[in-house]
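Raw contents of final_11.csv, CSV, C-alpha atoms and all ligand atoms:
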```csv
chain,number,residue,atom,x,y,z
A,1,MET,CA,7.9,-19.0,-61.8
A,2,ALA,CA,5.5,-21.6,-63.0
A,3,GLY,CA,4.0,-23.8,-60.2
A,4,MET,CA,4.1,-27.5,-60.0
A,5,THR,CA,2.1,-30.0,-62.1
A,6,ILE,CA,0.5,-32.8,-60.0
A,7,HIS,CA,-1.1,-35.8,-61.5
A,8,LEU,CA,-4.2,-36.9,-59.5
A,9,ARG,CA,-6.3,-40.0,-59.5
A,10,VAL,CA,-9.5,-39.2,-57.6
A,11,TRP,CA,-12.2,-41.6,-56.3
A,12,ARG,CA,-15.4,-40.5,-58.0
A,13,GLN,CA,-18.8,-42.0,-57.0
A,14,ALA,CA,-22.0,-40.2,-57.8
A,15,GLY,CA,-23.9,-41.6,-54.8
A,16,PRO,CA,-23.9,-44.3,-52.1
A,17,SER,CA,-24.8,-47.2,-54.3
A,18,GLN,CA,-23.4,-45.8,-57.6
A,19,PRO,CA,-20.4,-47.4,-59.3
A,20,ARG,CA,-17.0,-45.9,-58.4
A,21,LYS,CA,-13.8,-45.4,-60.3
A,22,LEU,CA,-10.5,-43.5,-60.0
A,23,VAL,CA,-10.5,-40.6,-62.4
A,24,PRO,CA,-7.3,-38.9,-63.6
A,25,TYR,CA,-7.0,-35.1,-63.3
A,26,THR,CA,-4.0,-32.8,-63.8
A,27,ALA,CA,-3.5,-30.0,-61.3
A,28,GLU,CA,-1.4,-27.3,-62.9
A,29,ASP,CA,0.5,-24.3,-61.6
A,30,VAL,CA,0.2,-25.6,-58.1
A,31,SER,CA,1.9,-23.3,-55.5
A,32,PRO,CA,3.9,-24.9,-52.7
A,33,ASP,CA,2.0,-22.6,-50.4
A,34,MET,CA,-1.4,-23.9,-51.3
A,35,SER,CA,-3.1,-26.3,-48.9
A,36,PHE,CA,-4.1,-29.7,-50.3
A,37,LEU,CA,-7.7,-28.6,-50.2
A,38,GLU,CA,-6.9,-25.3,-52.0
A,39,MET,CA,-5.2,-27.4,-54.7
A,40,LEU,CA,-8.5,-29.4,-55.0
A,41,ASP,CA,-10.5,-26.1,-55.0
A,42,VAL,CA,-8.6,-25.0,-58.1
A,43,VAL,CA,-9.2,-28.4,-59.8
A,44,ASN,CA,-12.9,-28.0,-59.0
A,45,GLU,CA,-13.0,-24.4,-60.4
A,46,LYS,CA,-11.8,-25.8,-63.7
A,47,LEU,CA,-14.3,-28.6,-63.6
A,48,ILE,CA,-17.1,-26.2,-63.0
A,49,ALA,CA,-15.9,-23.9,-65.7
A,50,ALA,CA,-16.0,-26.9,-68.1
A,51,GLY,CA,-19.6,-27.7,-67.0
A,52,GLN,CA,-18.5,-30.8,-65.1
A,53,ASP,CA,-19.4,-32.1,-61.7
A,54,PRO,CA,-16.9,-30.8,-59.1
A,55,ILE,CA,-15.2,-33.3,-56.7
A,56,ALA,CA,-17.2,-33.5,-53.5
A,57,PHE,CA,-15.2,-33.4,-50.3
A,58,ASP,CA,-15.8,-32.2,-46.7
A,59,SER,CA,-14.1,-29.3,-45.0
A,60,ASP,CA,-15.1,-26.5,-42.7
A,61,CYS,CA,-12.6,-24.6,-40.5
A,62,ARG,CA,-9.5,-25.4,-42.6
A,63,GLU,CA,-7.5,-24.7,-39.5
A,64,GLY,CA,-7.1,-28.3,-38.2
A,65,ILE,CA,-9.7,-27.9,-35.4
A,66,CYS,CA,-13.1,-29.0,-36.5
A,67,GLY,CA,-12.6,-32.5,-37.8
A,68,ALA,CA,-14.6,-32.1,-41.0
A,69,CYS,CA,-11.9,-32.8,-43.5
A,70,GLY,CA,-10.3,-36.1,-44.3
A,71,LEU,CA,-8.9,-37.8,-47.3
A,72,VAL,CA,-6.8,-40.9,-47.8
A,73,ILE,CA,-3.8,-39.5,-49.7
A,74,ASN,CA,-1.5,-42.2,-51.3
A,75,GLY,CA,-2.9,-44.7,-48.9
A,76,VAL,CA,-2.4,-42.7,-45.7
A,77,ALA,CA,-5.3,-41.0,-43.9
A,78,HIS,CA,-4.6,-37.2,-43.9
A,79,GLY,CA,-1.5,-37.8,-46.0
A,80,PRO,CA,2.2,-38.0,-45.4
A,81,GLU,CA,2.8,-35.4,-42.6
A,82,PRO,CA,2.4,-36.7,-39.0
A,83,GLY,CA,0.1,-34.8,-36.7
A,84,THR,CA,-1.5,-32.9,-39.6
A,85,THR,CA,-5.1,-32.7,-40.9
A,86,THR,CA,-5.7,-32.8,-44.6
A,87,CYS,CA,-6.7,-29.1,-44.5
A,88,GLN,CA,-3.3,-28.2,-42.9
A,89,LEU,CA,-1.3,-30.3,-45.3
A,90,HIS,CA,0.6,-28.0,-47.8
A,91,MET,CA,1.6,-28.7,-51.3
A,92,ARG,CA,5.3,-28.0,-50.4
A,93,HIS,CA,5.4,-31.6,-49.1
A,94,PHE,CA,5.0,-32.8,-52.7
A,95,LYS,CA,7.1,-32.1,-55.8
A,96,ASN,CA,6.6,-31.3,-59.4
A,97,GLY,CA,5.4,-34.3,-61.4
A,98,ASP,CA,4.2,-36.3,-58.4
A,99,SER,CA,1.3,-38.7,-58.7
A,100,ILE,CA,-1.3,-38.6,-55.9
A,101,THR,CA,-4.2,-41.0,-55.4
A,102,ILE,CA,-7.0,-39.5,-53.4
A,103,GLU,CA,-9.7,-41.8,-51.8
A,104,PRO,CA,-12.4,-41.3,-49.1
A,105,TRP,CA,-12.3,-42.9,-45.7
A,106,ARG,CA,-13.2,-46.5,-46.5
A,107,SER,CA,-14.9,-48.3,-43.7
A,108,ARG,CA,-18.2,-50.2,-43.4
A,109,ALA,CA,-19.4,-47.8,-40.6
A,110,PHE,CA,-18.7,-44.7,-42.7
A,111,PRO,CA,-20.9,-45.2,-45.8
A,112,ILE,CA,-19.8,-43.1,-48.8
A,113,LEU,CA,-22.2,-40.2,-49.6
A,114,LYS,CA,-20.5,-38.9,-52.8
A,115,ASP,CA,-17.0,-38.9,-54.1
A,116,LEU,CA,-14.7,-38.2,-51.1
A,117,MET,CA,-17.5,-37.5,-48.6
A,118,VAL,CA,-18.6,-40.1,-46.1
A,119,ASP,CA,-21.3,-40.3,-43.4
A,120,ARG,CA,-19.6,-40.1,-40.0
A,121,SER,CA,-22.9,-39.8,-38.0
A,122,ALA,CA,-21.9,-43.1,-36.3
A,123,PHE,CA,-19.5,-41.0,-34.2
A,124,ASP,CA,-22.4,-38.7,-33.2
A,125,ARG,CA,-24.3,-41.8,-32.0
A,126,ILE,CA,-21.4,-43.0,-29.9
A,127,ILE,CA,-21.2,-39.6,-28.2
A,128,LYS,CA,-25.0,-39.6,-27.8
A,129,ALA,CA,-24.7,-42.9,-26.0
A,130,GLY,CA,-22.6,-41.5,-23.1
A,131,GLY,CA,-20.2,-38.7,-24.1
A,132,TYR,CA,-21.7,-36.2,-21.7
A,133,ILE,CA,-22.2,-35.5,-18.0
A,134,ALA,CA,-25.9,-35.6,-17.1
A,135,VAL,CA,-26.0,-33.2,-14.2
A,136,ASN,CA,-28.2,-30.1,-13.7
A,137,ALA,CA,-25.3,-27.6,-13.9
A,138,GLY,CA,-27.3,-24.7,-12.5
A,139,ALA,CA,-25.3,-21.5,-12.2
A,140,ALA,CA,-21.7,-21.4,-13.1
A,141,GLN,CA,-19.5,-23.0,-10.4
A,142,ASP,CA,-16.8,-21.0,-8.6
A,143,ALA,CA,-13.6,-21.7,-10.4
A,144,ASN,CA,-12.2,-23.8,-7.6
A,145,GLY,CA,-15.5,-25.4,-6.5
A,146,ILE,CA,-14.3,-28.8,-7.8
A,147,LEU,CA,-10.6,-29.3,-7.3
A,148,VAL,CA,-9.0,-31.1,-10.3
A,149,PRO,CA,-5.4,-32.2,-9.8
A,150,LYS,CA,-3.1,-30.8,-12.5
A,151,PRO,CA,-2.1,-34.2,-14.0
A,152,VAL,CA,-5.8,-35.2,-14.2
A,153,ALA,CA,-6.7,-31.9,-15.9
A,154,GLU,CA,-3.8,-32.4,-18.4
A,155,GLN,CA,-4.9,-36.0,-19.1
A,156,ALA,CA,-8.5,-34.9,-19.7
A,157,PHE,CA,-7.3,-32.1,-22.0
A,158,GLU,CA,-5.0,-34.4,-24.0
A,159,SER,CA,-7.9,-36.8,-24.6
A,160,ALA,CA,-10.3,-34.0,-25.4
A,161,ALA,CA,-8.1,-32.9,-28.2
A,162,CYS,CA,-9.7,-35.5,-30.5
A,163,ILE,CA,-11.5,-33.7,-33.2
A,164,GLY,CA,-13.6,-36.7,-34.4
A,165,CYS,CA,-12.2,-36.7,-37.9
A,166,GLY,CA,-12.3,-40.5,-38.3
A,167,ALA,CA,-8.7,-41.0,-39.6
A,168,CYS,CA,-8.1,-43.6,-37.0
A,169,VAL,CA,-11.0,-45.7,-38.4
A,170,ALA,CA,-9.9,-45.1,-42.0
A,171,GLN,CA,-6.4,-46.4,-41.4
A,172,CYS,CA,-7.3,-49.4,-39.2
A,173,LYS,CA,-7.4,-52.7,-41.0
A,174,ASN,CA,-10.3,-53.7,-38.7
A,175,GLY,CA,-12.2,-50.4,-39.2
A,176,SER,CA,-12.1,-49.9,-35.5
A,177,ALA,CA,-13.1,-46.7,-33.8
A,178,VAL,CA,-11.6,-47.5,-30.4
A,179,LEU,CA,-9.1,-44.7,-30.5
A,180,PHE,CA,-11.9,-42.1,-31.0
A,181,THR,CA,-14.2,-43.8,-28.4
A,182,SER,CA,-11.5,-44.2,-25.8
A,183,ALA,CA,-10.5,-40.6,-26.2
A,184,LYS,CA,-14.1,-39.5,-25.6
A,185,VAL,CA,-14.5,-41.9,-22.6
A,186,SER,CA,-11.1,-40.9,-21.1
A,187,HIS,CA,-11.8,-37.2,-21.4
A,188,LEU,CA,-14.8,-37.5,-19.0
A,189,ASN,CA,-13.9,-40.6,-17.0
A,190,VAL,CA,-10.7,-39.1,-15.5
A,191,LEU,CA,-12.4,-36.0,-14.3
A,192,PRO,CA,-14.1,-35.8,-10.8
A,193,GLN,CA,-17.3,-34.5,-12.6
A,194,GLY,CA,-17.3,-37.7,-14.7
A,195,GLN,CA,-17.3,-40.2,-11.8
A,196,PRO,CA,-21.0,-40.7,-11.2
A,197,GLU,CA,-21.6,-42.0,-14.7
A,198,ARG,CA,-18.2,-43.5,-15.2
A,199,TYR,CA,-19.3,-47.1,-15.6
A,200,THR,CA,-22.6,-46.6,-17.4
A,201,ARG,CA,-20.7,-44.3,-19.8
A,202,VAL,CA,-18.0,-46.7,-20.9
A,203,VAL,CA,-20.4,-49.6,-21.3
A,204,ALA,CA,-22.9,-47.5,-23.3
A,205,MET,CA,-20.2,-46.0,-25.6
A,206,VAL,CA,-18.4,-49.3,-26.2
A,207,ASP,CA,-21.6,-51.2,-26.9
A,208,ARG,CA,-22.7,-48.4,-29.3
A,209,HIS,CA,-19.3,-48.6,-31.1
A,210,ASP,CA,-19.8,-52.3,-31.7
A,211,GLN,CA,-23.5,-51.9,-32.8
A,212,GLU,CA,-22.4,-49.3,-35.4
A,213,GLY,CA,-20.3,-51.9,-37.2
A,214,PHE,CA,-16.8,-50.7,-36.2
A,215,GLY,CA,-14.3,-53.5,-35.8
A,216,SER,CA,-12.3,-54.7,-32.8
A,217,CYS,CA,-8.9,-53.5,-31.9
A,218,SER,CA,-5.9,-55.8,-32.5
A,219,ASN,CA,-3.2,-53.4,-31.3
A,220,GLU,CA,-1.9,-52.5,-34.8
A,221,GLY,CA,-1.3,-48.8,-33.8
A,222,GLU,CA,-2.2,-47.5,-37.2
A,223,CYS,CA,-4.7,-45.2,-35.6
A,224,GLU,CA,-2.2,-43.5,-33.4
A,225,ALA,CA,0.2,-43.1,-36.3
A,226,VAL,CA,-2.2,-41.1,-38.4
A,227,CYS,CA,-4.1,-39.2,-35.7
A,228,PRO,CA,-3.7,-35.5,-36.5
A,229,LYS,CA,-4.1,-34.8,-32.7
A,230,GLU,CA,-1.6,-37.5,-31.7
A,231,ILE,CA,-4.2,-39.2,-29.4
A,232,LYS,CA,-2.3,-41.9,-27.5
A,233,LEU,CA,-3.0,-45.7,-27.5
A,234,SER,CA,-3.0,-45.5,-23.7
A,235,ASN,CA,-6.5,-44.2,-24.0
A,236,ILE,CA,-7.5,-47.6,-25.4
A,237,ALA,CA,-5.9,-49.4,-22.5
A,238,ARG,CA,-7.7,-47.1,-20.1
A,239,MET,CA,-11.0,-47.7,-21.8
A,240,THR,CA,-10.5,-51.4,-21.7
A,241,ARG,CA,-9.8,-51.3,-17.9
A,242,GLU,CA,-12.8,-49.1,-17.3
A,243,TYR,CA,-15.0,-51.5,-19.4
A,244,VAL,CA,-13.8,-54.6,-17.5
A,245,ARG,CA,-14.3,-52.9,-14.1
A,246,ALA,CA,-17.8,-51.8,-15.1
A,247,ARG,CA,-18.8,-55.2,-16.2
A,248,LEU,CA,-17.3,-56.8,-13.0
A,249,ALA,CA,-19.4,-54.3,-11.1
A,250,GLY,CA,-22.5,-55.5,-12.8
A,251,THR,CA,-23.1,-52.5,-15.1
A,252,ARG,CA,-25.3,-53.3,-18.1
A,301,LIG,S1,-8.6,-40.2,-32.3
A,301,LIG,FE1,-7.5,-38.9,-33.8
A,301,LIG,S2,-7.8,-39.8,-35.8
A,301,LIG,FE2,-9.4,-40.6,-34.4
A,301,LIG,S3,-11.2,-39.2,-34.6
A,301,LIG,FE3,-9.9,-38.4,-32.9
A,301,LIG,S4,-8.6,-36.9,-33.8
A,301,LIG,FE4,-9.4,-38.1,-35.5
A,302,LIG,S1,-11.5,-28.5,-42.2
A,302,LIG,FE1,-11.6,-28.4,-40.0
A,302,LIG,S2,-10.0,-29.8,-39.4
A,302,LIG,FE2,-9.8,-29.7,-41.5
```
Written form, C-alpha cells:
Amino acid sequence: MAGMTIHLRVWRQAGPSQPRKLVPYTAEDVSPDMSFLEMLDVVNEKLIAAGQDPIAFDSDCREGICGACGLVINGVAHGPEPGTTTCQLHMRHFKNGDSITIEPWRSRAFPILKDLMVDRSAFDRIIKAGGYIAVNAGAAQDANGILVPKPVAEQAFESAACIGCGACVAQCKNGSAVLFTSAKVSHLNVLPQGQPERYTRVVAMVDRHDQEGFGSCSNEGECEAVCPKEIKLSNIARMTREYVRARLAGTR
C-alpha cells in the first residue's frame, strides 16, 4: 500500500544573520509508523541525492529523554500530541495530503544557528548559575543517611523530569523560560540536600534567566500546555515564593 503524501513548508536559513524563507517540499510514501524526524530524514536523503543542502535540525536520543529535538509544527511546539517530544511524534497523527509548516523555536534568547537548529546555551548558563549542590560529596552516603519524605522525593522527581528542550520558551508569547527555570530550582530546593543554598540558588538562577533575555511570566500557561514532560505551573509559583523569601532575607 502506498504511503501518505505530506506537503511541507520548512523554515530555511543558511546561518544566524542570513535571510530566511519557508520552502515547500513534498514528503512521499510516508509510513504512519515513521516518527516525524524519520519523515524529515527521508526528505533529507532525497535532498542529498539531488546535491542540495539537507534541512538542519537537532536530535539525539530520539526516545523523548534528552531534550535535543524540538520543532514548531503548525504553530505548536513539539506538534499536536500532548506530552510528546518531536522525536516521539508519529506520522499516524497526520493524514494523507496534510500540509505541515515546520519552524524552529523562535525566541530572542534562542538565536537561530541554521534552518531549524537554535542555540539553547542560555539554558546551560542558567544551570551554571545555581542548578547544582556545591558540597564535597566524599564517599557515597548510606542509602538512608539523609531521610527524604516520600512526598518531597516525588515532588523533586516530578520537577527533575524537565529535559531542557525549550518548548516552553518557544510557545510563550513573552519568550519566558520560567517553567524550565522553576523546574530546575524546585528539583533542588525541595530536597534536604538543597537547603543550604536554597536562597542563593533561586536568586542566581532567576537573575541569570532575566540577563539572558527571556521574558517575564504573565500566567498564559502555554508552557505547561506544550511541555512534553508535563511540568506543572505550580513550579513557577514555588519559584516566585522562594525568590521573594530570599530577597526578604537579604539574599543578593
Ligand atoms: S519545562 Fe518542559 S517544555 Fe520547558 S524545557 Fe523543561 S521539559 Fe522542555
Ligand atoms: S531527540 Fe532526545 S528528546 Fe527528542
Would you mind listing the residues within 9 Å of ligand LIG 302 (chain A), counting only C-alpha atoms and all ligand atoms, as an NGL selection string?
:A and (37 or 58-70 or 85-88 or 163 or 165 or 228)
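Residues in contact with A:Glu28 at up to 8 Å, not including ones fewer than 4 positions away on its chain and judged by all atoms listed in the file, are Gly3, Met4, Thr5 and Ile6 of chain A.
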Taking all atoms listed in the file into account, which residues are within 6 Å of ligand LIG 301 (chain A), as a PyMOL selection string?
chain A and resi 162-168+179-180+227-229+231
I need the chosen residues saved as a short mmCIF file (atom, residue, chain, number, x, y, z; two decimals), in the frame of the given file, with C-alpha atoms.
```cif
data_model
loop_
_atom_site.label_atom_id
_atom_site.label_comp_id
_atom_site.auth_asym_id
_atom_site.auth_seq_id
_atom_site.Cartn_x
_atom_site.Cartn_y
_atom_site.Cartn_z
CA CYS A 162 -9.70 -35.50 -30.50
CA ILE A 163 -11.50 -33.70 -33.20
CA GLY A 164 -13.60 -36.70 -34.40
CA CYS A 165 -12.20 -36.70 -37.90
CA GLY A 166 -12.30 -40.50 -38.30
CA ALA A 167 -8.70 -41.00 -39.60
CA CYS A 168 -8.10 -43.60 -37.00
CA LEU A 179 -9.10 -44.70 -30.50
CA PHE A 180 -11.90 -42.10 -31.00
CA CYS A 227 -4.10 -39.20 -35.70
CA PRO A 228 -3.70 -35.50 -36.50
CA LYS A 229 -4.10 -34.80 -32.70
CA ILE A 231 -4.20 -39.20 -29.40
#
```
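Closest approach to A:Arg9 from the set A:Ser121, A:Ser99, A:Gln193, A:Ser31 is made by A:Ser99, with distances taken over only C-alpha atoms.
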Pairwise distance for atom CA of A:Ala160 and atom CA of A:His187, rounded to one decimal in Å:
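Between atom CA of A:Ala160 and atom CA of A:His187 the gap is 5.3 Å.
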Pick from A:Pro19, A:Gly175, A:Gly75, A:Pro104 nearest to A:Leu116, counting all atoms listed in the file
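Between A:Pro19, A:Gly175, A:Gly75, A:Pro104, the residue approaching A:Leu116 most closely is A:Pro104.
Atom CA of A:Ala249 is found 22.5 Å from atom CA of A:Ser234.
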Counting all atoms listed in the file, which residue out of A:Val148, A:Ala49, A:Ala156, A:Met91 sits closest to A:Ala27?
A:Met91
Env of A:His93: 9 Å cut, atoms = all atoms listed in the file, seq-sep filter 5 positions within chain, self excluded. Answer as a list of chain:residue names.
A:Pro32, A:Pro80, A:Glu81
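Going from atom CA of A:Thr181 to atom CA of A:Ala56 covers 27.3 Å.
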Using all atoms listed in the file: which of A:Pro149, A:Pro82, A:Gly15, A:Gly213 has the shortest distance to A:Pro192:
A:Pro149
The residue from A:Ile127, A:Pro151, A:Val118, A:Tyr25 with the smallest atom-to-atom distance to A:Leu47, counting all atoms listed in the file, is A:Tyr25
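If only C-alpha atoms are the atoms counted, then among A:Glu230, A:Asp207, A:Glu212, A:Glu38 the closest residue to A:Ala183 is A:Glu230.
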Identify the residues within 12 Å of coordinate (-24.3, -42.1, -38.7) (same frame as the file), considering all atoms listed in the file, and give the answer as a list in words.
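Within the cut-off we find Arg108, Ala109, Phe110, Pro111, Ile112, Leu113, Val118, Asp119, Arg120, Ser121, Ala122, Phe123, Asp124, Arg125, Ile126, Ile127, Lys128, Arg208, His209, Gln211, Glu212, Gly213 and Phe214 of chain A.
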Can you report as JSON the centre and edge lengths in Å, to one decimal, of an axis-aligned box around the listed atoms of stretch 125-144 of chain A padded with 6 Å on each side?
```
{"center_x": -20.2, "center_y": -32.0, "center_z": -19.8, "size_x": 28.0, "size_y": 34.0, "size_z": 36.4}
```
Counting only C-alpha atoms, what is within 8 Å of A:Ala246, bar same-chain residues fewer than 4 positions away, as a PyMOL selection string?
chain A and resi 199-200+202-203+242+250-251
